[in-house]
$ cat input_37.tsv   # TSV, C-alpha atoms
chain	number	residue	atom	x	y	z
A	11	MET	CA	10.95	18.18	-3.52
A	12	ARG	CA	11.30	21.72	-2.24
A	13	THR	CA	7.68	21.66	-1.10
A	14	THR	CA	8.32	18.44	0.81
A	15	ILE	CA	11.37	19.90	2.57
A	16	GLU	CA	9.53	23.08	3.51
A	17	SER	CA	6.63	21.07	4.95
A	18	VAL	CA	9.08	19.44	7.39
A	19	LEU	CA	11.02	22.58	8.27
A	20	LYS	CA	7.80	24.49	9.03
A	21	GLN	CA	6.67	21.98	11.66
A	22	ASP	CA	6.27	23.48	15.12
A	23	TYR	CA	7.67	20.49	17.02
A	24	PRO	CA	11.03	21.63	18.46
A	25	ARG	CA	13.10	18.43	18.17
A	26	ILE	CA	13.16	17.10	14.63
A	27	GLU	CA	16.18	15.30	13.20
A	28	TYR	CA	15.79	15.61	9.44
A	29	LEU	CA	17.75	13.32	7.11
A	30	VAL	CA	17.37	13.16	3.32
A	31	ILE	CA	18.62	10.01	1.61
A	32	ASP	CA	18.87	10.53	-2.14
A	33	GLY	CA	19.75	7.73	-4.52
A	34	GLY	CA	22.26	9.70	-6.56
A	35	SER	CA	19.86	11.89	-8.52
A	36	THR	CA	21.18	13.64	-11.63
A	37	ASP	CA	18.50	16.34	-11.75
A	38	GLU	CA	18.30	19.48	-9.60
A	39	THR	CA	17.85	17.49	-6.37
A	40	VAL	CA	21.42	17.89	-5.11
A	41	SER	CA	21.46	21.65	-5.74
A	42	ILE	CA	18.22	21.98	-3.78
A	43	LEU	CA	19.62	19.93	-0.93
A	44	ARG	CA	22.72	22.14	-0.78
A	45	GLU	CA	20.44	25.15	-0.23
A	46	TYR	CA	19.07	23.51	2.91
A	47	SER	CA	22.33	22.10	4.28
A	48	ASP	CA	22.06	24.26	7.40
A	49	HIS	CA	18.68	22.74	8.25
A	50	LEU	CA	19.04	19.04	7.45
A	51	ARG	CA	21.55	16.24	6.86
A	52	TRP	CA	21.64	14.70	3.43
A	53	VAL	CA	23.48	12.17	1.32
A	54	SER	CA	23.25	11.53	-2.41
A	55	GLU	CA	24.68	8.21	-3.53
A	56	PRO	CA	23.54	5.09	-5.37
A	57	ASP	CA	21.41	2.74	-3.30
A	58	HIS	CA	19.47	-0.48	-3.77
A	59	GLY	CA	16.00	1.01	-4.00
A	60	GLN	CA	13.51	2.91	-1.89
A	61	ALA	CA	13.31	0.46	1.02
A	62	HIS	CA	17.10	0.35	1.27
A	63	ALA	CA	17.28	4.16	1.34
A	64	ILE	CA	14.63	4.40	4.08
A	65	ASN	CA	16.32	1.74	6.19
A	66	LYS	CA	19.63	3.58	5.80
A	67	GLY	CA	18.06	6.79	7.05
A	68	TRP	CA	16.36	5.08	9.97
A	69	ARG	CA	19.60	3.45	11.05
A	70	GLN	CA	21.44	6.78	10.93
A	71	ALA	CA	18.72	8.58	12.91
A	72	SER	CA	19.09	8.92	16.66
A	73	GLY	CA	15.51	9.59	17.76
A	74	SER	CA	13.07	7.24	19.48
A	75	ILE	CA	10.33	8.01	16.91
A	76	LEU	CA	10.84	7.32	13.22
A	77	ALA	CA	8.95	8.30	10.07
A	78	TYR	CA	9.63	8.75	6.38
A	79	LEU	CA	8.31	11.09	3.74
A	80	ASN	CA	8.65	10.54	0.01
A	81	SER	CA	9.72	13.44	-2.19
A	82	ASP	CA	6.17	13.86	-3.56
A	83	ASP	CA	4.46	13.98	-0.15
A	84	VAL	CA	4.09	16.72	2.45
A	85	TYR	CA	3.34	17.05	6.15
A	86	LEU	CA	0.41	19.27	7.08
A	87	PRO	CA	0.98	22.01	9.68
A	88	GLY	CA	1.36	20.65	13.19
A	89	ALA	CA	1.55	17.02	12.01
A	90	VAL	CA	4.65	16.02	13.97
A	91	ALA	CA	3.46	17.54	17.24
A	92	GLN	CA	0.05	15.87	16.87
A	93	ALA	CA	1.65	12.50	16.14
A	94	VAL	CA	4.02	12.72	19.11
A	95	ALA	CA	1.11	13.67	21.40
A	96	ALA	CA	-0.92	10.72	20.09
A	97	LEU	CA	1.95	8.33	20.84
A	98	ALA	CA	2.24	9.78	24.34
A	99	ASP	CA	-1.50	9.24	24.86
A	100	HIS	CA	-1.23	5.62	23.67
A	101	PRO	CA	1.90	4.07	25.21
A	102	GLU	CA	0.68	0.62	24.15
A	103	ALA	CA	0.87	1.55	20.46
A	104	ALA	CA	3.88	0.72	18.30
A	105	ALA	CA	2.89	3.46	15.88
A	106	VAL	CA	0.32	6.10	15.20
A	107	TYR	CA	-1.26	6.97	11.86
A	108	GLY	CA	-3.65	9.73	10.94
A	109	GLU	CA	-5.89	10.98	8.18
A	110	GLY	CA	-4.42	12.05	4.87
A	111	TYR	CA	-5.31	13.49	1.48
A	112	HIS	CA	-4.60	12.53	-2.10
A	113	VAL	CA	-3.53	15.68	-3.95
A	114	ASP	CA	-2.72	16.41	-7.59
A	115	GLU	CA	0.56	17.71	-9.01
A	116	GLY	CA	-0.36	21.26	-8.03
A	117	GLY	CA	-1.25	20.32	-4.45
A	118	ARG	CA	-5.03	20.52	-4.95
A	119	ILE	CA	-6.94	18.08	-2.75
A	120	LEU	CA	-8.51	15.30	-4.81
A	121	GLU	CA	-9.95	13.13	-2.06
A	122	ARG	CA	-9.49	11.83	1.45
A	123	TYR	CA	-7.22	8.81	1.71
A	124	PRO	CA	-9.51	5.87	2.61
A	125	THR	CA	-8.20	5.51	6.15
A	126	GLU	CA	-10.02	3.28	8.64
A	127	PRO	CA	-9.83	2.72	12.39
A	128	PHE	CA	-7.22	0.12	13.29
A	129	ASN	CA	-8.33	-3.45	12.60
A	130	PRO	CA	-5.54	-5.95	11.89
A	131	ASP	CA	-7.91	-8.33	10.11
A	132	ARG	CA	-8.73	-5.66	7.53
A	133	LEU	CA	-5.11	-5.63	6.40
A	134	GLN	CA	-5.87	-8.92	4.66
A	135	GLU	CA	-8.19	-7.00	2.34
A	136	THR	CA	-6.81	-3.49	1.95
A	137	CYS	CA	-4.11	-1.08	3.05
A	138	PHE	CA	-6.15	1.43	5.02
A	139	ILE	CA	-3.08	3.14	6.54
A	140	CYS	CA	-1.80	6.28	4.80
A	141	GLN	CA	1.99	5.87	4.82
A	142	PRO	CA	3.14	9.52	5.20
A	143	THR	CA	0.90	9.89	8.27
A	144	VAL	CA	2.67	7.06	10.13
A	145	PHE	CA	5.07	7.68	13.04
A	146	LEU	CA	6.75	4.63	14.58
A	147	ARG	CA	8.52	3.85	17.81
A	148	ARG	CA	12.10	2.85	17.07
A	149	ASP	CA	11.96	-0.19	19.37
A	150	ALA	CA	8.96	-1.54	17.44
A	151	VAL	CA	10.86	-1.16	14.16
A	152	GLU	CA	13.87	-2.98	15.55
A	153	GLN	CA	11.74	-5.77	16.99
A	154	ALA	CA	9.70	-6.32	13.83
A	155	GLY	CA	12.65	-5.83	11.49
A	156	TYR	CA	13.25	-3.03	9.02
A	157	LEU	CA	11.56	-2.63	5.63
A	158	ASP	CA	11.89	-5.57	3.24
A	159	GLU	CA	14.43	-4.35	0.70
A	160	SER	CA	13.36	-6.95	-1.87
A	161	LEU	CA	10.04	-5.11	-2.30
A	162	ARG	CA	9.66	-2.20	-4.68
A	163	TYR	CA	6.04	-1.11	-4.37
A	164	CYS	CA	4.37	-2.21	-1.13
A	165	MET	CA	7.15	-2.28	1.45
A	166	ASP	CA	4.99	-0.12	3.72
A	167	TYR	CA	1.94	-2.42	3.46
A	168	ASP	CA	4.17	-5.41	4.18
A	169	PHE	CA	5.58	-3.63	7.22
A	170	TRP	CA	2.15	-2.80	8.69
A	171	ILE	CA	1.20	-6.46	8.32
A	172	ARG	CA	4.42	-7.62	9.99
A	173	LEU	CA	3.88	-5.25	12.89
A	174	THR	CA	0.34	-6.46	13.51
A	175	ARG	CA	1.25	-10.14	13.12
A	176	ALA	CA	3.91	-9.54	15.78
A	177	GLY	CA	1.12	-8.41	18.09
A	178	LYS	CA	1.74	-4.68	17.74
A	179	ILE	CA	-1.04	-2.11	17.88
A	180	LEU	CA	-1.20	0.86	15.51
A	181	SER	CA	-3.23	3.71	16.93
A	182	HIS	CA	-5.39	5.88	14.65
A	183	THR	CA	-5.73	9.60	15.26
A	184	PRO	CA	-8.45	11.62	13.51
A	185	HIS	CA	-6.08	14.50	12.74
A	186	TYR	CA	-5.06	15.13	9.13
A	187	LEU	CA	-1.28	14.77	9.12
A	188	ALA	CA	-0.09	14.53	5.51
A	189	SER	CA	-0.87	14.66	1.81
A	190	THR	CA	0.33	12.16	-0.75
A	191	ARG	CA	0.69	13.32	-4.34
A	192	LEU	CA	-0.74	11.48	-7.33
A	193	HIS	CA	0.62	12.11	-10.80
A	194	ALA	CA	1.17	10.24	-14.04
A	195	ASP	CA	4.83	9.45	-13.31
A	196	ALA	CA	4.22	7.94	-9.86
A	197	LYS	CA	5.36	4.34	-10.03
A	198	THR	CA	2.22	2.94	-8.42
A	199	LEU	CA	0.14	4.62	-11.16
A	200	ASP	CA	2.53	4.11	-14.05
A	201	GLN	CA	3.16	0.45	-13.17
A	202	ARG	CA	-0.12	-0.63	-11.62
A	203	GLY	CA	0.11	-4.22	-12.80
A	204	LYS	CA	3.52	-4.82	-11.21
A	205	ALA	CA	2.49	-3.03	-8.01
A	206	HIS	CA	-0.68	-5.08	-7.60
A	207	ALA	CA	1.17	-8.30	-8.43
A	208	GLU	CA	3.57	-7.56	-5.57
A	209	ILE	CA	0.64	-6.86	-3.22
A	210	VAL	CA	-0.88	-10.23	-4.15
A	211	ARG	CA	2.40	-12.04	-3.42
A	212	VAL	CA	2.94	-10.22	-0.12
A	213	THR	CA	-0.55	-10.89	1.24
A	214	TYR	CA	-0.33	-14.54	0.21
A	215	ARG	CA	3.02	-14.84	1.98
A	216	HIS	CA	1.54	-13.51	5.21
A	217	PHE	CA	-1.97	-14.98	5.18
A	218	GLY	CA	-1.80	-18.00	2.88
A	219	ARG	CA	-4.60	-16.59	0.77
A	220	VAL	CA	-5.46	-13.50	-1.27
A	221	ALA	CA	-8.66	-11.56	-0.54
A	222	PRO	CA	-11.16	-11.09	-3.39
A	223	SER	CA	-10.75	-7.31	-3.25
A	224	LEU	CA	-7.04	-7.66	-3.96
A	225	VAL	CA	-7.58	-10.23	-6.70
A	226	PHE	CA	-10.06	-7.97	-8.46
A	227	GLY	CA	-7.75	-5.00	-7.99
A	228	TYR	CA	-4.93	-6.95	-9.59
A	229	ALA	CA	-7.12	-7.98	-12.56
A	230	HIS	CA	-8.19	-4.37	-13.15
A	231	ALA	CA	-4.58	-3.20	-12.93
A	232	VAL	CA	-3.33	-5.78	-15.43
A	233	LEU	CA	-5.93	-4.58	-17.94
A	234	GLY	CA	-5.37	-0.89	-17.18
A	235	LEU	CA	-8.89	-0.44	-15.83
A	236	HIS	CA	-9.29	1.72	-12.75
A	237	ASN	CA	-12.92	1.89	-11.66
A	238	ARG	CA	-15.33	-0.03	-13.88
A	239	GLU	CA	-14.96	-2.54	-16.68
A	240	SER	CA	-15.75	-0.74	-19.93
A	241	SER	CA	-16.72	-3.49	-22.38
A	242	ILE	CA	-17.90	-7.08	-22.64
A	243	ARG	CA	-14.39	-8.12	-23.64
A	244	ASP	CA	-12.98	-6.32	-20.58
A	245	ARG	CA	-15.39	-8.15	-18.29
A	246	LEU	CA	-14.53	-11.54	-19.75
A	247	SER	CA	-10.83	-10.74	-19.41
A	248	LEU	CA	-11.34	-9.66	-15.80
A	249	ILE	CA	-13.08	-12.94	-15.04
A	250	GLY	CA	-10.29	-14.91	-16.67
A	251	ILE	CA	-7.46	-13.14	-14.84
A	252	SER	CA	-9.18	-13.19	-11.46
A	253	LEU	CA	-10.17	-16.87	-11.88
A	254	ALA	CA	-6.56	-17.82	-12.65
A	255	THR	CA	-5.33	-15.79	-9.67
A	256	PHE	CA	-7.81	-17.40	-7.26
A	257	LEU	CA	-6.84	-20.88	-8.42
A	258	ARG	CA	-3.12	-20.13	-8.23
A	259	TYR	CA	-3.12	-18.70	-4.71
A	260	ASN	CA	-6.34	-19.84	-2.99
A	261	ARG	CA	-6.86	-23.16	-4.80
A	262	SER	CA	-10.57	-22.35	-4.96
A	263	VAL	CA	-12.96	-19.54	-5.86
A	264	PRO	CA	-15.03	-17.95	-3.07
A	265	ARG	CA	-18.78	-17.58	-3.47
A	266	SER	CA	-18.45	-13.81	-3.36
A	267	ALA	CA	-16.36	-13.93	-6.55
A	268	TRP	CA	-18.99	-15.94	-8.43
A	269	ALA	CA	-21.56	-13.33	-7.37
A	270	VAL	CA	-19.40	-10.50	-8.72
A	271	TRP	CA	-18.80	-12.33	-11.98
A	272	TRP	CA	-22.52	-12.98	-12.38
A	273	VAL	CA	-23.20	-9.24	-12.08
A	274	TRP	CA	-20.53	-8.49	-14.70
A	275	LEU	CA	-22.01	-11.03	-17.13
A	276	ARG	CA	-25.57	-9.91	-16.47
A	277	ASP	CA	-24.65	-6.29	-17.19
A	278	SER	CA	-22.84	-7.35	-20.35
A	279	TRP	CA	-25.89	-9.24	-21.54
A	280	ARG	CA	-28.16	-6.26	-20.87
A	281	GLU	CA	-25.83	-3.90	-22.69
A	282	ALA	CA	-25.60	-6.28	-25.65
A	283	ARG	CA	-29.38	-6.49	-25.89
A	284	ALA	CA	-29.72	-2.72	-25.61
A	285	SER	CA	-27.31	-2.19	-28.49
A	286	LEU	CA	-29.35	-4.38	-30.88

$ encode --input "input_37.tsv" --output "structure tokens"
Amino acid sequence: MRTTIESVLKQDYPRIEYLVIDGGSTDETVSILREYSDHLRWVSEPDHGQAHAINKGWRQASGSILAYLNSDDVYLPGAVAQAVAALADHPEAAAVYGEGYHVDEGGRILERYPTEPFNPDRLQETCFICQPTVFLRRDAVEQAGYLDESLRYCMDYDFWIRLTRAGKILSHTPHYLASTRLHADAKTLDQRGKAHAEIVRVTYRHFGRVAPSLVFGYAHAVLGLHNRESSIRDRLSLIGISLATFLRYNRSVPRSAWAVWWVWLRDSWREARASL
């Protein structure tokens, strides 16, 4: 958390209103916040989850540009100034988002976040917007509504979709603005199945269907598989879970899914023959 705070305080933009909303932590969080009391406003009290805490902070803030940074994430040098300049250059945009990194627990860069240029249709298939790089105009937030406090994992993804479905434009800047930390205790890694299930429900709610990429991601998450299926049994289980998900939400199976399943079964057959 200290690293996160320092990344905000070291920004070179002169007008930053910094609020920390803590959900009543019992670890060293409050003592750290007291150290920085001269540089930020903070509150530590029970809340109703992450989205509720963010909404509370946004409502207390007085600025015309809003953002939020989780305790595991950091701003890169000059991020705020670059974001404000990008919003000034694109007055038609409700928000701006930039490039970001995935980093490990020690802050070492693991990979670039898979950001893409703005395309609202792509939000049906993937969340290509790196949350800590996003800076929003307050009026856009108030018009679209605040974060959905019933969501635990993908409140940001849901919000990007709501903004775009309201006709808002999110402008992409090529500058690297933030890093988001990955570690074993992060809820989206520790509880992949629940997180992906929520993503499936949210995209169905907005689009009336669930894209194959999200169905396959959900099936992998349920089985605890991250990149590739590792056995014949895994592949058959993936087919079963994804088939059930397609039928539940889409009422049919797209041709692209049959093609993927055929590849999985073909590879399984080849591996079985090779092991004889």

$ closest_residue --input "input_37.tsv" --among "A:Gln134, A:Arg69, A:Tyr123, A:His182" --to "Val151 of chain A" --atoms "only C-alpha atoms"
A:Arg69

$ closest_residue --input "input_37.tsv" --among "A:Arg276, A:Arg162, A:Arg202, A:Arg191" --to "Tyr111 of chain A" --atoms "all atoms listed in the file"
A:Arg191

$ residues_around --input "input_37.tsv" --residues "His206 of chain A" --least-positions-apart "3" --cutoff "9 Å" --atoms "all atoms listed in the file" --output "CSV table (one decimal) with C-alpha atoms, keeping the file's coordinate frame"
chain,number,residue,atom,x,y,z
A,163,TYR,CA,6.0,-1.1,-4.4
A,164,CYS,CA,4.4,-2.2,-1.1
A,198,THR,CA,2.2,2.9,-8.4
A,201,GLN,CA,3.2,0.4,-13.2
A,202,ARG,CA,-0.1,-0.6,-11.6
A,203,GLY,CA,0.1,-4.2,-12.8
A,209,ILE,CA,0.6,-6.9,-3.2
A,210,VAL,CA,-0.9,-10.2,-4.2
A,211,ARG,CA,2.4,-12.0,-3.4
A,224,LEU,CA,-7.0,-7.7,-4.0
A,225,VAL,CA,-7.6,-10.2,-6.7
A,227,GLY,CA,-7.8,-5.0,-8.0
A,228,TYR,CA,-4.9,-7.0,-9.6
A,229,ALA,CA,-7.1,-8.0,-12.6
A,231,ALA,CA,-4.6,-3.2,-12.9
A,232,VAL,CA,-3.3,-5.8,-15.4

$ atom_distance --input "input_37.tsv" --atom1 "atom CA of His185 of chain A" --atom2 "atom CA of Gln92 of chain A"
7.5 Å

$ residues_around --input "input_37.tsv" --residues "Thr213 of chain A" --least-positions-apart "3" --cutoff "9 Å" --atoms "all atoms listed in the file" --output "number ranges by chain"
A: 133-135, 168, 171, 208-210, 216-221, 224

$ atom_distance --input "input_37.tsv" --atom1 "atom CA of Arg132 of chain A" --atom2 "atom CA of Ala105 of chain A"
17.0 Å

$ closest_residue --input "input_37.tsv" --among "A:Phe226, A:Pro142, A:Ser81, A:Ile242" --to "Ala254 of chain A" --atoms "all atoms listed in the file"
A:Phe226

$ residues_around --input "input_37.tsv" --residues "Asp57 of chain A" --least-positions-apart "2" --cutoff "9 Å" --atoms "all atoms listed in the file" --output "list of chain:residue names"
A:Asp32, A:Gly33, A:Gly34, A:Glu55, A:Gly59, A:Gln60, A:His62, A:Ala63

$ write_last_selection --input "input_37.tsv" --atoms "C-alpha atoms" --output "PDB file, keeping the file's coordinate frame"
ATOM      1  CA  ASP A  32      18.870  10.530  -2.140  1.00  0.00           C
ATOM      2  CA  GLY A  33      19.750   7.730  -4.520  1.00  0.00           C
ATOM      3  CA  GLY A  34      22.260   9.700  -6.560  1.00  0.00           C
ATOM      4  CA  GLU A  55      24.680   8.210  -3.530  1.00  0.00           C
ATOM      5  CA  GLY A  59      16.000   1.010  -4.000  1.00  0.00           C
ATOM      6  CA  GLN A  60      13.510   2.910  -1.890  1.00  0.00           C
ATOM      7  CA  HIS A  62      17.100   0.350   1.270  1.00  0.00           C
ATOM      8  CA  ALA A  63      17.280   4.160   1.340  1.00  0.00           C
TER       9      ALA A  63
END

$ residues_around --input "input_37.tsv" --residues "Arg147 of chain A" --least-positions-apart "5" --cutoff "8 Å" --atoms "all atoms listed in the file" --output "JSON list (two decimals) with C-alpha atoms, in the frame of the given file"
[["chain", "number", "residue", "atom", "x", "y", "z"],
["A", 74, "SER", "CA", 13.07, 7.24, 19.48],
["A", 75, "ILE", "CA", 10.33, 8.01, 16.91],
["A", 76, "LEU", "CA", 10.84, 7.32, 13.22],
["A", 104, "ALA", "CA", 3.88, 0.72, 18.30],
["A", 105, "ALA", "CA", 2.89, 3.46, 15.88]]

$ decode --input "input_37.tsv" --residues "segment 59-107 of chain A" --atoms "C-alpha atoms" --output "compact mmCIF listing (two decimals), in the first residue's frame"
# COMPACT_ATOMS: atom_id res chain seq x y z
CA GLY A 59 -17.43 -4.00 -0.86
CA GLN A 60 -15.00 -2.52 -3.34
CA ALA A 61 -17.54 -0.86 -5.63
CA HIS A 62 -19.26 0.77 -2.66
CA ALA A 63 -15.93 2.13 -1.39
CA ILE A 64 -15.02 3.56 -4.80
CA ASN A 65 -18.42 5.18 -5.22
CA LYS A 66 -18.10 6.70 -1.75
CA GLY A 67 -14.75 8.21 -2.66
CA TRP A 68 -16.00 9.55 -5.97
CA ARG A 69 -18.98 11.19 -4.31
CA GLN A 70 -16.75 12.87 -1.72
CA ALA A 71 -14.29 14.12 -4.35
CA SER A 72 -14.70 17.62 -5.73
CA GLY A 73 -12.76 17.42 -9.00
CA SER A 74 -14.10 17.23 -12.55
CA ILE A 75 -11.89 14.21 -13.35
CA LEU A 76 -12.17 10.97 -11.38
CA ALA A 77 -10.03 7.85 -11.14
CA TYR A 78 -9.37 5.05 -8.69
CA LEU A 79 -6.32 3.01 -7.80
CA ASN A 80 -6.41 -0.26 -5.91
CA SER A 81 -3.93 -0.83 -3.09
CA ASP A 82 -1.87 -3.24 -5.24
CA ASP A 83 -1.55 -0.91 -8.24
CA VAL A 84 0.67 2.09 -8.94
CA TYR A 85 0.74 5.11 -11.22
CA LEU A 86 3.81 5.52 -13.40
CA PRO A 87 5.65 8.87 -13.33
CA GLY A 88 3.74 11.62 -15.11
CA ALA A 89 0.59 9.50 -15.50
CA VAL A 90 -1.90 12.06 -14.18
CA ALA A 91 -0.51 14.93 -16.26
CA GLN A 92 -0.54 12.77 -19.40
CA ALA A 93 -4.11 11.67 -18.77
CA VAL A 94 -5.36 15.22 -18.16
CA ALA A 95 -3.62 16.40 -21.35
CA ALA A 96 -5.23 13.54 -23.31
CA LEU A 97 -8.68 14.52 -22.03
CA ALA A 98 -8.01 18.13 -23.01
CA ASP A 99 -7.01 16.97 -26.51
CA HIS A 100 -10.20 14.88 -26.83
CA PRO A 101 -13.12 16.91 -25.46
CA GLU A 102 -15.55 14.43 -27.02
CA ALA A 103 -14.24 11.59 -24.81
CA ALA A 104 -15.93 10.61 -21.56
CA ALA A 105 -12.70 9.01 -20.38
CA VAL A 106 -9.15 8.29 -21.37
CA TYR A 107 -7.22 5.07 -20.82
